[in-house]
file structure_6.csv (CSV, C-alpha atoms and all ligand atoms)
chain,number,residue,atom,x,y,z
A,12,MET,CA,-18.5,75.2,-48.4
A,13,SER,CA,-18.6,77.2,-51.6
A,14,LYS,CA,-19.8,75.6,-54.8
A,15,TYR,CA,-16.4,76.5,-56.3
A,16,VAL,CA,-14.7,74.1,-53.9
A,17,PHE,CA,-16.7,71.3,-55.4
A,18,TYR,CA,-15.6,72.2,-58.9
A,19,PHE,CA,-12.1,71.3,-57.7
A,20,LEU,CA,-12.9,68.6,-55.2
A,21,MET,CA,-15.0,66.4,-57.5
A,22,PRO,CA,-12.3,65.9,-60.3
A,23,VAL,CA,-9.9,64.9,-57.5
A,24,LEU,CA,-12.4,62.5,-56.0
A,25,VAL,CA,-13.4,60.7,-59.2
A,26,PRO,CA,-9.9,59.3,-60.1
A,27,LEU,CA,-9.2,58.7,-56.4
A,28,MET,CA,-12.3,56.6,-56.2
A,29,VAL,CA,-11.4,54.6,-59.3
A,30,LEU,CA,-7.9,54.1,-58.0
A,31,THR,CA,-9.3,52.4,-54.9
A,32,LEU,CA,-10.7,49.5,-57.0
A,33,PRO,CA,-8.6,46.4,-57.0
A,34,ASP,CA,-6.4,45.9,-60.1
A,35,SER,CA,-7.9,42.6,-60.9
A,36,TRP,CA,-11.3,44.3,-61.5
A,37,LYS,CA,-9.8,45.9,-64.6
A,38,ARG,CA,-8.8,42.5,-66.2
A,39,THR,CA,-11.9,40.7,-67.3
A,40,LYS,CA,-14.7,41.8,-69.6
A,41,ARG,CA,-17.4,41.6,-66.9
A,42,LYS,CA,-15.3,43.5,-64.4
A,43,ARG,CA,-14.4,46.1,-67.0
A,44,THR,CA,-18.1,46.6,-67.5
A,45,LEU,CA,-18.5,47.0,-63.8
A,46,LEU,CA,-15.7,49.6,-63.8
A,47,ALA,CA,-17.3,51.4,-66.7
A,48,VAL,CA,-20.6,51.6,-64.8
A,49,TYR,CA,-18.8,52.8,-61.7
A,50,GLY,CA,-17.0,55.5,-63.7
A,51,ALA,CA,-20.2,56.5,-65.5
A,52,ALA,CA,-21.9,56.9,-62.1
A,53,ALA,CA,-18.9,59.0,-60.9
A,54,VAL,CA,-19.1,61.3,-64.0
A,55,LEU,CA,-22.9,61.5,-63.7
A,56,SER,CA,-22.6,62.4,-60.1
A,57,PHE,CA,-20.0,65.0,-60.8
A,58,THR,CA,-22.2,66.5,-63.5
A,59,ALA,CA,-25.1,66.4,-61.1
A,60,MET,CA,-23.1,68.4,-58.6
A,61,ILE,CA,-22.2,71.1,-61.1
A,62,SER,CA,-25.7,71.2,-62.4
A,63,ALA,CA,-27.0,71.7,-58.9
A,64,ALA,CA,-24.5,74.6,-58.5
A,65,GLY,CA,-26.8,76.8,-60.5
A,66,PHE,CA,-27.9,75.4,-63.9
A,67,VAL,CA,-31.1,73.7,-62.7
A,68,ARG,CA,-33.5,74.7,-60.0
A,69,GLY,CA,-36.2,73.4,-57.8
A,70,THR,CA,-37.1,69.7,-57.6
A,71,VAL,CA,-34.6,68.5,-60.3
A,72,GLU,CA,-31.8,70.3,-58.4
A,73,ARG,CA,-32.8,68.6,-55.2
A,74,LEU,CA,-32.9,65.2,-56.9
A,75,VAL,CA,-29.5,65.5,-58.4
A,76,LEU,CA,-28.1,66.7,-55.0
A,77,ASP,CA,-29.6,63.7,-53.3
A,78,TYR,CA,-28.0,61.5,-56.0
A,79,GLY,CA,-24.7,63.2,-55.5
A,80,ALA,CA,-25.1,62.7,-51.7
A,81,LEU,CA,-25.8,59.0,-52.2
A,82,PHE,CA,-22.9,58.4,-54.5
A,83,PHE,CA,-20.2,60.5,-53.2
A,84,PHE,CA,-20.9,60.5,-49.5
A,85,THR,CA,-21.7,56.8,-49.3
A,86,VAL,CA,-20.0,54.9,-52.1
A,87,THR,CA,-16.9,57.1,-52.6
A,88,VAL,CA,-16.2,57.6,-48.9
A,89,SER,CA,-16.8,53.9,-48.2
A,90,ALA,CA,-14.4,52.9,-51.0
A,91,ILE,CA,-11.7,55.2,-49.7
A,92,VAL,CA,-12.1,54.2,-46.1
A,93,VAL,CA,-12.2,50.4,-46.9
A,94,SER,CA,-9.1,50.8,-49.2
A,95,LEU,CA,-7.1,52.6,-46.6
A,96,LEU,CA,-8.0,50.1,-44.0
A,97,ARG,CA,-7.1,47.3,-46.4
A,98,TYR,CA,-3.7,48.8,-47.1
A,99,LEU,CA,-3.1,49.3,-43.4
A,100,LEU,CA,-4.1,45.7,-42.5
A,101,ALA,CA,-2.1,44.3,-45.4
A,102,TYR,CA,1.0,46.1,-44.2
A,103,ILE,CA,0.5,44.8,-40.6
A,104,CYS,CA,-0.1,41.2,-42.0
A,105,ILE,CA,3.1,41.4,-44.1
A,106,GLN,CA,5.1,42.5,-41.1
A,107,LEU,CA,3.7,39.5,-39.2
A,108,HIS,CA,4.3,37.1,-42.2
A,109,ALA,CA,0.6,36.2,-42.0
A,110,TRP,CA,0.4,35.4,-45.7
A,111,SER,CA,-3.0,33.7,-45.7
A,112,ALA,CA,-4.5,36.9,-44.2
A,113,VAL,CA,-2.8,39.0,-46.9
A,114,GLU,CA,-4.5,36.7,-49.5
A,115,THR,CA,-7.9,37.2,-47.8
A,116,LEU,CA,-7.4,40.9,-47.9
A,117,HIS,CA,-7.0,40.8,-51.7
A,118,SER,CA,-10.5,39.2,-52.1
A,119,ASN,CA,-12.6,41.3,-54.4
A,120,ARG,CA,-15.8,39.9,-53.0
A,121,GLY,CA,-14.7,40.8,-49.5
A,122,TYR,CA,-13.8,44.3,-50.7
A,123,ALA,CA,-17.2,44.8,-52.3
A,124,VAL,CA,-19.1,43.5,-49.3
A,125,ALA,CA,-17.0,45.8,-47.0
A,126,VAL,CA,-17.7,48.8,-49.2
A,127,ALA,CA,-21.4,48.0,-49.4
A,128,LEU,CA,-21.7,47.6,-45.6
A,129,CYS,CA,-19.8,50.8,-45.0
A,130,ALA,CA,-22.0,52.7,-47.5
A,131,ALA,CA,-25.2,51.2,-45.9
A,132,PHE,CA,-24.0,52.3,-42.5
A,133,ILE,CA,-23.2,55.9,-43.6
A,134,LEU,CA,-26.5,56.1,-45.5
A,135,GLY,CA,-28.6,54.6,-42.7
A,136,VAL,CA,-27.1,56.3,-39.7
A,137,GLY,CA,-26.4,59.6,-41.6
A,138,SER,CA,-30.0,59.9,-42.8
A,139,SER,CA,-31.3,59.2,-39.3
A,140,HIS,CA,-29.0,61.9,-37.8
A,141,PHE,CA,-30.4,64.3,-40.4
A,142,SER,CA,-34.1,63.4,-40.0
A,143,GLY,CA,-34.6,65.1,-36.6
A,144,CYS,CA,-33.1,67.8,-34.5
A,145,ARG,CA,-31.7,67.3,-31.0
A,146,VAL,CA,-31.4,70.0,-28.3
A,147,MET,CA,-28.0,70.8,-26.8
A,148,THR,CA,-28.1,72.9,-23.6
A,149,TYR,CA,-25.3,75.1,-22.4
A,150,ASP,CA,-25.1,77.3,-19.2
A,151,VAL,CA,-22.9,80.3,-19.6
A,152,ASN,CA,-22.1,82.9,-17.0
A,153,LEU,CA,-20.7,86.2,-18.3
A,154,THR,CA,-20.5,87.9,-14.9
A,155,ASP,CA,-17.2,87.9,-12.9
A,156,GLY,CA,-19.1,86.9,-9.8
A,157,THR,CA,-19.3,90.5,-8.4
A,158,SER,CA,-22.8,91.2,-9.7
A,159,GLU,CA,-25.4,91.1,-6.9
A,160,HIS,CA,-28.4,90.7,-9.1
A,161,PRO,CA,-27.4,89.0,-12.4
A,162,SER,CA,-30.0,88.6,-15.1
A,163,GLN,CA,-30.7,85.5,-17.2
A,164,CYS,CA,-31.6,85.2,-20.9
A,165,THR,CA,-32.3,82.0,-22.7
A,166,VAL,CA,-31.1,82.0,-26.3
A,167,ALA,CA,-32.1,79.5,-29.0
A,168,LEU,CA,-29.3,79.2,-31.5
A,169,LEU,CA,-30.3,78.1,-35.0
A,170,SER,CA,-27.5,77.9,-37.6
A,171,ASP,CA,-26.9,76.4,-41.0
A,172,ILE,CA,-30.6,75.8,-41.8
A,173,HIS,CA,-29.8,75.9,-45.6
A,174,LEU,CA,-33.5,76.3,-46.6
A,175,GLY,CA,-34.6,74.2,-49.5
A,176,ALA,CA,-32.2,71.4,-50.4
A,177,GLY,CA,-30.9,71.4,-46.8
A,178,ALA,CA,-34.0,71.8,-44.7
A,179,GLY,CA,-37.2,71.0,-46.5
A,180,ASP,CA,-40.7,71.9,-45.2
A,181,ALA,CA,-40.9,68.9,-42.8
A,182,LEU,CA,-37.5,69.7,-41.1
A,183,VAL,CA,-38.3,73.4,-41.0
A,184,ASP,CA,-41.6,72.6,-39.2
A,185,ARG,CA,-39.8,70.4,-36.8
A,186,ILE,CA,-37.2,73.1,-36.1
A,187,CYS,CA,-39.8,75.7,-35.5
A,188,ALA,CA,-42.0,73.4,-33.3
A,189,GLN,CA,-39.0,72.3,-31.1
A,190,THR,CA,-37.8,75.9,-30.8
A,191,ALA,CA,-41.3,77.0,-29.7
A,192,GLU,CA,-41.3,74.2,-27.1
A,193,LEU,CA,-38.0,75.5,-25.6
A,194,ARG,CA,-39.7,78.9,-25.0
A,195,PRO,CA,-36.5,80.9,-25.5
A,196,ASP,CA,-36.3,84.6,-24.7
A,197,LEU,CA,-34.4,85.2,-27.9
A,198,VAL,CA,-34.0,83.3,-31.1
A,199,CYS,CA,-30.8,83.8,-33.1
A,200,ILE,CA,-30.4,82.6,-36.7
A,201,ASP,CA,-26.7,82.4,-37.1
A,202,GLY,CA,-26.0,82.4,-40.8
A,203,ASP,CA,-26.3,80.0,-43.8
A,204,LEU,CA,-30.1,80.4,-43.7
A,205,VAL,CA,-30.1,80.3,-47.5
A,206,ASP,CA,-27.7,79.0,-50.2
A,207,MET,CA,-27.6,78.7,-53.9
A,208,MET,CA,-30.5,76.2,-53.8
A,209,THR,CA,-32.9,78.2,-51.7
A,210,LEU,CA,-36.0,79.5,-53.5
A,211,GLN,CA,-37.9,82.6,-52.5
A,212,GLU,CA,-40.9,80.6,-51.3
A,213,ASP,CA,-38.6,78.6,-49.0
A,214,LEU,CA,-37.4,81.8,-47.4
A,215,ASP,CA,-40.8,83.4,-47.2
A,216,SER,CA,-42.3,80.3,-45.7
A,217,PHE,CA,-39.6,80.0,-43.1
A,218,ALA,CA,-39.7,83.7,-42.2
A,219,ASP,CA,-43.5,83.4,-41.6
A,220,LYS,CA,-43.1,80.3,-39.4
A,221,ILE,CA,-40.2,81.6,-37.3
A,222,SER,CA,-41.6,85.1,-36.8
A,223,ARG,CA,-44.8,83.5,-35.4
A,224,LEU,CA,-42.9,82.2,-32.4
A,225,SER,CA,-42.7,85.7,-31.1
A,226,PRO,CA,-40.1,85.2,-28.4
A,227,LYS,CA,-39.9,87.9,-25.7
A,228,TYR,CA,-36.8,89.7,-27.2
A,229,GLY,CA,-37.5,88.8,-30.8
A,230,VAL,CA,-35.6,86.9,-33.6
A,231,ILE,CA,-32.2,88.1,-34.7
A,232,TYR,CA,-30.5,87.1,-38.0
A,233,VAL,CA,-26.9,87.3,-39.2
A,234,GLU,CA,-25.4,86.2,-42.5
A,235,GLY,CA,-23.2,83.2,-43.1
A,236,ASN,CA,-20.8,82.4,-46.0
A,237,HIS,CA,-23.5,80.8,-48.1
A,238,GLU,CA,-25.7,83.9,-48.3
A,239,LYS,CA,-23.4,85.3,-51.0
A,240,ASP,CA,-24.2,82.2,-53.2
A,241,SER,CA,-27.8,83.3,-53.3
A,242,ASP,CA,-29.6,86.1,-55.2
A,243,LEU,CA,-32.3,86.3,-52.5
A,244,ASP,CA,-32.8,89.4,-50.4
A,245,CYS,CA,-32.8,87.9,-47.0
A,246,ARG,CA,-32.9,91.3,-45.2
A,247,ALA,CA,-36.1,92.3,-47.1
A,248,ALA,CA,-37.8,89.0,-46.5
A,249,LEU,CA,-36.9,88.8,-42.8
A,250,GLU,CA,-37.4,92.5,-41.8
A,251,LYS,CA,-40.8,92.4,-43.4
A,252,ARG,CA,-41.7,89.9,-40.7
A,253,GLY,CA,-40.2,91.8,-37.8
A,254,ILE,CA,-36.9,89.8,-37.7
A,255,LEU,CA,-33.9,92.0,-36.8
A,256,CYS,CA,-31.0,91.6,-39.2
A,257,LEU,CA,-27.6,92.7,-37.9
A,258,TYR,CA,-24.9,93.3,-40.5
A,259,ASP,CA,-21.9,94.4,-38.4
A,260,GLU,CA,-24.5,96.1,-36.2
A,261,ALA,CA,-25.6,95.7,-32.6
A,262,VAL,CA,-28.7,96.2,-30.5
A,263,VAL,CA,-29.3,96.4,-26.8
A,264,LEU,CA,-32.3,94.3,-25.8
A,265,LYS,CA,-35.0,95.5,-23.3
A,266,ASN,CA,-33.3,93.3,-20.7
A,267,GLY,CA,-30.1,95.2,-21.1
A,268,LEU,CA,-28.2,92.5,-22.9
A,269,ALA,CA,-26.2,93.7,-26.0
A,270,VAL,CA,-26.2,91.5,-29.1
A,271,ALA,CA,-23.7,92.1,-32.0
A,272,GLY,CA,-24.0,90.5,-35.4
A,273,ARG,CA,-20.8,90.0,-37.5
A,274,ARG,CA,-20.8,90.0,-41.2
A,275,ASP,CA,-19.1,86.9,-42.6
A,276,ALA,CA,-16.0,88.8,-43.7
A,277,HIS,CA,-15.1,89.7,-40.1
A,278,GLU,CA,-13.8,93.1,-41.2
A,279,VAL,CA,-15.1,95.2,-38.3
A,280,PRO,CA,-13.9,94.4,-34.7
A,281,VAL,CA,-16.7,93.4,-32.4
A,282,PRO,CA,-15.9,96.1,-29.7
A,283,GLU,CA,-16.3,98.7,-32.6
A,284,ILE,CA,-19.7,97.2,-33.6
A,285,LEU,CA,-20.8,97.4,-29.9
A,286,SER,CA,-19.5,100.9,-29.3
A,287,ALA,CA,-21.9,102.1,-32.1
A,288,VAL,CA,-24.8,101.4,-29.7
A,289,SER,CA,-22.8,102.8,-26.7
A,290,VAL,CA,-21.9,99.4,-25.2
A,291,PRO,CA,-18.7,99.8,-23.1
A,292,GLU,CA,-15.8,97.5,-23.9
A,293,ASP,CA,-16.1,95.7,-20.6
A,294,ALA,CA,-19.9,95.0,-20.8
A,295,PRO,CA,-21.2,91.5,-21.4
A,296,ALA,CA,-22.6,90.8,-24.9
A,297,VAL,CA,-23.8,88.1,-27.2
A,298,VAL,CA,-21.9,88.0,-30.5
A,299,LEU,CA,-23.4,86.2,-33.4
A,300,SER,CA,-20.5,85.1,-35.7
A,301,HIS,CA,-21.3,82.4,-38.3
A,302,ARG,CA,-17.7,81.3,-38.6
A,303,PRO,CA,-16.0,80.1,-35.4
A,304,SER,CA,-12.8,81.9,-36.4
A,305,ASP,CA,-10.9,85.0,-35.0
A,306,LEU,CA,-12.2,84.0,-31.6
A,307,THR,CA,-9.0,84.4,-29.7
A,308,GLU,CA,-8.9,88.1,-30.5
A,309,MET,CA,-12.0,88.6,-28.3
A,310,SER,CA,-10.6,86.7,-25.2
A,311,ASP,CA,-10.3,89.9,-23.1
A,312,HIS,CA,-14.0,90.6,-23.4
A,313,PRO,CA,-16.9,89.1,-21.4
A,314,TYR,CA,-18.6,88.0,-24.6
A,315,LEU,CA,-20.6,84.9,-25.5
A,316,VAL,CA,-19.8,84.2,-29.2
A,317,LEU,CA,-22.4,81.9,-30.9
A,318,CYS,CA,-21.2,80.2,-34.1
A,319,GLY,CA,-22.1,77.5,-36.7
A,320,HIS,CA,-20.6,76.9,-40.1
A,321,THR,CA,-18.7,73.6,-39.4
A,322,HIS,CA,-21.9,71.4,-39.3
A,323,GLY,CA,-20.1,69.5,-36.4
A,324,TYR,CA,-18.2,66.9,-38.4
A,325,GLN,CA,-21.0,66.5,-40.8
A,326,ILE,CA,-19.3,64.7,-43.6
A,327,PRO,CA,-17.2,61.6,-43.1
A,328,ILE,CA,-13.5,62.2,-43.8
A,329,PHE,CA,-14.0,65.8,-44.9
A,330,GLY,CA,-15.2,66.8,-41.4
A,331,LEU,CA,-11.7,65.9,-40.1
A,332,ILE,CA,-10.3,69.1,-41.5
A,333,ASN,CA,-12.6,71.2,-39.3
A,334,PRO,CA,-10.1,71.7,-36.5
A,335,TYR,CA,-7.7,73.2,-38.9
A,336,LEU,CA,-10.2,75.7,-40.3
A,337,SER,CA,-11.7,77.1,-37.1
A,338,ASP,CA,-11.0,78.0,-33.5
A,339,LEU,CA,-13.8,75.9,-32.1
A,340,PRO,CA,-15.1,73.2,-34.5
A,341,TYR,CA,-17.9,72.1,-32.2
A,342,GLY,CA,-19.3,72.5,-28.7
A,343,TYR,CA,-18.3,74.9,-25.9
A,344,ARG,CA,-15.0,76.4,-24.9
A,345,ALA,CA,-13.8,79.4,-22.8
A,346,PHE,CA,-11.1,81.7,-24.4
A,347,GLY,CA,-9.9,83.9,-21.4
A,348,ARG,CA,-13.0,85.9,-20.4
A,349,MET,CA,-14.9,85.1,-23.6
A,350,ARG,CA,-17.1,82.0,-24.0
A,351,ALA,CA,-18.0,80.4,-27.3
A,352,VAL,CA,-20.5,77.8,-28.5
A,353,THR,CA,-20.4,76.3,-32.0
A,354,SER,CA,-23.5,74.5,-33.1
A,355,ALA,CA,-23.5,71.5,-35.5
A,356,GLY,CA,-26.4,73.3,-37.3
A,357,ALA,CA,-30.1,72.7,-37.5
A,358,ALA,CA,-29.6,71.2,-41.0
A,359,ALA,CA,-26.8,71.2,-43.5
A,360,TRP,CA,-25.6,72.1,-47.0
A,361,GLY,CA,-26.9,70.0,-49.9
A,362,PHE,CA,-26.6,66.5,-48.5
A,363,ARG,CA,-29.2,65.1,-46.3
A,364,ILE,CA,-26.7,62.9,-44.5
A,365,LYS,CA,-25.0,63.9,-41.3
A,366,TRP,CA,-22.6,61.7,-39.5
A,367,PRO,CA,-21.2,61.5,-36.9
A,368,SER,CA,-22.9,64.9,-35.9
A,369,TYR,CA,-26.6,65.4,-35.6
A,370,ASN,CA,-28.9,68.3,-36.6
A,371,GLU,CA,-29.3,70.4,-33.5
A,372,ILE,CA,-30.8,73.4,-31.8
A,373,CYS,CA,-28.6,74.9,-29.0
A,374,LEU,CA,-30.3,76.4,-26.0
A,375,VAL,CA,-27.9,78.7,-24.2
A,376,ARG,CA,-28.9,80.0,-20.8
A,377,VAL,CA,-26.9,83.2,-20.4
A,378,VAL,CA,-26.3,84.8,-17.0
A,379,PHE,CA,-25.1,88.4,-17.4
B,1,FE,FE,-23.5,75.9,-43.4
call {"tool": "encode", "arguments": {"input": "structure_6.csv", "output": "structure tokens"}}
result
Amino acid sequence: MSKYVFYFLMPVLVPLMVLTLPDSWKRTKRKRTLLAVYGAAAVLSFTAMISAAGFVRGTVERLVLDYGALFFFTVTVSAIVVSLLRYLLAYICIQLHAWSAVETLHSNRGYAVAVALCAAFILGVGSSHFSGCRVMTYDVNLTDGTSEHPSQCTVALLSDIHLGAGAGDALVDRICAQTAELRPDLVCIDGDLVDMMTLQEDLDSFADKISRLSPKYGVIYVEGNHEKDSDLDCRAALEKRGILCLYDEAVVLKNGLAVAGRRDAHEVPVPEILSAVSVPEDAPAVVLSHRPSDLTEMSDHPYLVLCGHTHGYQIPIFGLINPYLSDLPYGYRAFGRMRAVTSAGAAAWGFRIKWPSYNEICLVRVVF
């Protein structure tokens, strides 16, 4: 998600959050003070988000992002969820003439406890989902069954690492160690490796670690939407360590499998990218496409399209819009002859909270 979205999202969220407070909170002095503290926290958090979008760097930037995550993605989301539930329950109780239940639903203490419990749940579970990295395995057959001696290639899909504020050193080490344990033939870094918060040392350190894995067919990188928020030269840092970067380019591996890498703009059709390395239209290929969009246009081809971008349904409430923004928000699906896998990402943007999705590495066993 671009930082510019947050410029618009936050001013909408702050009043929305204040509106969710019960009216009676605004009547007494003590409660007005509470409301002022609540509003100040909202404004501070909003400021923190904007600050983190480029005005401060390094540790301070990461601290304000963590603060923003705590406030907006626990307290705000909880307040909205609890308020919506309360209105819904009140409506049902009124229809049933259950007046004592309606009175209970108006209890401020009950509201505060429900918000606190909901926030604790999101924080606790969300942090635990973000602390590790699970492995999702997919078996994909790109042959039409007529091939007598099909080949197999195992691909480790790493997307949305968001080095720095997203994946810190500990998580990067875990991602690299788990990828090494899987012994893939090929490692694909599927975009959003860096964002506006990534420092050069984060990128260099990751490139050193991932290139040391030395899989049989190497490491391939494509860009995501967040790379344009960064001033870092990913191509230079990665190619220096022998990592192949594909910007609307393709390569044919030593095992004969073609791999195409799409730029985030999706301006060049995949068959055209593959034809540049003499891959026929009907040949199987792996396509690295950060965004899981424009998938249906490839349904006539025996491609495996590997995507990220959505972070599963990373953020409570906001993740619900994923299905309207992509062809495959998460998991595996066949589109005609084409197969696609969307990863929830090995880490995530900005907030170290992920729920209901998990950080994950996808291991795809491709038969071609
Ligand atoms: Fe991302």
call {"tool": "closest_atom_pairs", "arguments": {"input": "structure_6.csv", "of": "region 107-156 of chain A", "to": "region 310-330 of chain A", "cutoff": "9 Å", "atoms": "all atoms listed in the file", "output": "tab-separated table"}}
result
residue	atom	partner	partner_atom	distance
A:Ile133	CA	A:Pro327	CA	8.3
A:Gly137	CA	A:Gln325	CA	8.8
A:Val151	CA	A:Leu315	CA	7.8
A:Asn152	CA	A:Leu315	CA	8.9
A:Leu153	CA	A:Pro313	CA	5.7
A:Thr154	CA	A:Pro313	CA	7.5
A:Asp155	CA	A:Pro313	CA	8.6
call {"tool": "closest_residue", "arguments": {"input": "structure_6.csv", "among": "A:Ser111, A:Thr44, A:Asn236, A:Asn266", "to": "ligand FE 1 (chain B)", "atoms": "only C-alpha atoms and all ligand atoms"}}
result
A:Asn236
call {"tool": "residues_near_ligand", "arguments": {"input": "structure_6.csv", "ligand": "ligand FE 1 (chain B)", "cutoff": "9 Å", "atoms": "all atoms listed in the file", "output": "ChimeraX atom specification"}}
result
/A:12,170-173,202-206,235-237,301,319-322,356,358-360
call {"tool": "closest_residue", "arguments": {"input": "structure_6.csv", "among": "A:Thr87, A:Thr148, A:Ser286, A:Gln106", "to": "Ser354 (chain A)", "atoms": "all atoms listed in the file"}}
result
A:Thr148
call {"tool": "residues_around", "arguments": {"input": "structure_6.csv", "residues": "Val124 (chain A)", "least_positions_apart": "4", "cutoff": "12 Å", "atoms": "all atoms listed in the file", "output": "PyMOL selection string"}}
result
chain A and resi 86+89-90+93+118-120+128-131
call {"tool": "residues_around", "arguments": {"input": "structure_6.csv", "residues": "Leu214 (chain A)", "least_positions_apart": "4", "cutoff": "7 Å", "atoms": "all atoms listed in the file", "output": "tab-separated table (two decimals) with C-alpha atoms, in the frame of the given file"}}
result
chain	number	residue	atom	x	y	z
A	174	LEU	CA	-33.50	76.30	-46.60
A	210	LEU	CA	-36.00	79.50	-53.50
A	218	ALA	CA	-39.70	83.70	-42.20
call {"tool": "atom_distance", "arguments": {"input": "structure_6.csv", "atom1": "CA of Ser94 (chain A)", "atom2": "CA of Tyr335 (chain A)"}}
result
24.7 Å
call {"tool": "atom_distance", "arguments": {"input": "structure_6.csv", "atom1": "CA of Asp213 (chain A)", "atom2": "CA of Arg252 (chain A)"}}
result
14.4 Å
call {"tool": "atom_distance", "arguments": {"input": "structure_6.csv", "atom1": "CA of Trp110 (chain A)", "atom2": "CA of Tyr122 (chain A)"}}
result
17.5 Å
call {"tool": "closest_residue", "arguments": {"input": "structure_6.csv", "among": "A:Ile105, A:Pro367, A:Val375, A:Gly267", "to": "Tyr343 (chain A)", "atoms": "all atoms listed in the file"}}
result
A:Val375
call {"tool": "residues_near_point", "arguments": {"input": "structure_6.csv", "point": "(-28.0, 80.7, -36.0)", "cutoff": "6 Å", "atoms": "only C-alpha atoms", "output": "PDB file with C-alpha atoms, keeping the file's coordinate frame"}}
result
ATOM      1  CA  LEU A 168     -29.300  79.200 -31.500  1.00  0.00           C
ATOM      2  CA  LEU A 169     -30.300  78.100 -35.000  1.00  0.00           C
ATOM      3  CA  SER A 170     -27.500  77.900 -37.600  1.00  0.00           C
ATOM      4  CA  CYS A 199     -30.800  83.800 -33.100  1.00  0.00           C
ATOM      5  CA  ILE A 200     -30.400  82.600 -36.700  1.00  0.00           C
ATOM      6  CA  ASP A 201     -26.700  82.400 -37.100  1.00  0.00           C
ATOM      7  CA  GLY A 202     -26.000  82.400 -40.800  1.00  0.00           C
TER       8      GLY A 202
END
call {"tool": "closest_residue", "arguments": {"input": "structure_6.csv", "among": "A:Pro282, A:Leu193, A:Asp180, A:Phe84", "to": "Met147 (chain A)", "atoms": "only C-alpha atoms"}}
result
A:Leu193
call {"tool": "residues_around", "arguments": {"input": "structure_6.csv", "residues": "Ile221 (chain A)", "least_positions_apart": "2", "cutoff": "10 Å", "atoms": "only C-alpha atoms", "output": "list in words"}}
result
Val183, Asp184, Ile186, Cys187, Ala188, Thr190, Ala191, Val198, Ile200, Ser216, Phe217, Ala218, Asp219, Arg223, Leu224, Ser225, Pro226, Val230, Leu249, Arg252 and Ile254 of chain A
call {"tool": "write_last_selection", "arguments": {"input": "structure_6.csv", "atoms": "C-alpha atoms", "output": "PDB file, in the frame of the given file"}}
result
ATOM      1  CA  VAL A 183     -38.300  73.400 -41.000  1.00  0.00           C
ATOM      2  CA  ASP A 184     -41.600  72.600 -39.200  1.00  0.00           C
ATOM      3  CA  ILE A 186     -37.200  73.100 -36.100  1.00  0.00           C
ATOM      4  CA  CYS A 187     -39.800  75.700 -35.500  1.00  0.00           C
ATOM      5  CA  ALA A 188     -42.000  73.400 -33.300  1.00  0.00           C
ATOM      6  CA  THR A 190     -37.800  75.900 -30.800  1.00  0.00           C
ATOM      7  CA  ALA A 191     -41.300  77.000 -29.700  1.00  0.00           C
ATOM      8  CA  VAL A 198     -34.000  83.300 -31.100  1.00  0.00           C
ATOM      9  CA  ILE A 200     -30.400  82.600 -36.700  1.00  0.00           C
ATOM     10  CA  SER A 216     -42.300  80.300 -45.700  1.00  0.00           C
ATOM     11  CA  PHE A 217     -39.600  80.000 -43.100  1.00  0.00           C
ATOM     12  CA  ALA A 218     -39.700  83.700 -42.200  1.00  0.00           C
ATOM     13  CA  ASP A 219     -43.500  83.400 -41.600  1.00  0.00           C
ATOM     14  CA  ARG A 223     -44.800  83.500 -35.400  1.00  0.00           C
ATOM     15  CA  LEU A 224     -42.900  82.200 -32.400  1.00  0.00           C
ATOM     16  CA  SER A 225     -42.700  85.700 -31.100  1.00  0.00           C
ATOM     17  CA  PRO A 226     -40.100  85.200 -28.400  1.00  0.00           C
ATOM     18  CA  VAL A 230     -35.600  86.900 -33.600  1.00  0.00           C
ATOM     19  CA  LEU A 249     -36.900  88.800 -42.800  1.00  0.00           C
ATOM     20  CA  ARG A 252     -41.700  89.900 -40.700  1.00  0.00           C
ATOM     21  CA  ILE A 254     -36.900  89.800 -37.700  1.00  0.00           C
TER      22      ILE A 254
END
call {"tool": "closest_residue", "arguments": {"input": "structure_6.csv", "among": "A:Val166, A:Ala247, A:Val263, A:Leu99", "to": "Pro195 (chain A)", "atoms": "only C-alpha atoms"}}
result
A:Val166
call {"tool": "closest_residue", "arguments": {"input": "structure_6.csv", "among": "A:Leu182, A:Ile364, A:Ala51, A:Leu264", "to": "Asp196 (chain A)", "atoms": "only C-alpha atoms"}}
result
A:Leu264
call {"tool": "residues_near_point", "arguments": {"input": "structure_6.csv", "point": "(-12.5, 91.8, -34.8)", "cutoff": "10 Å", "atoms": "only C-alpha atoms", "output": "ChimeraX atom specification"}}
result
/A:273,277-284,305-309
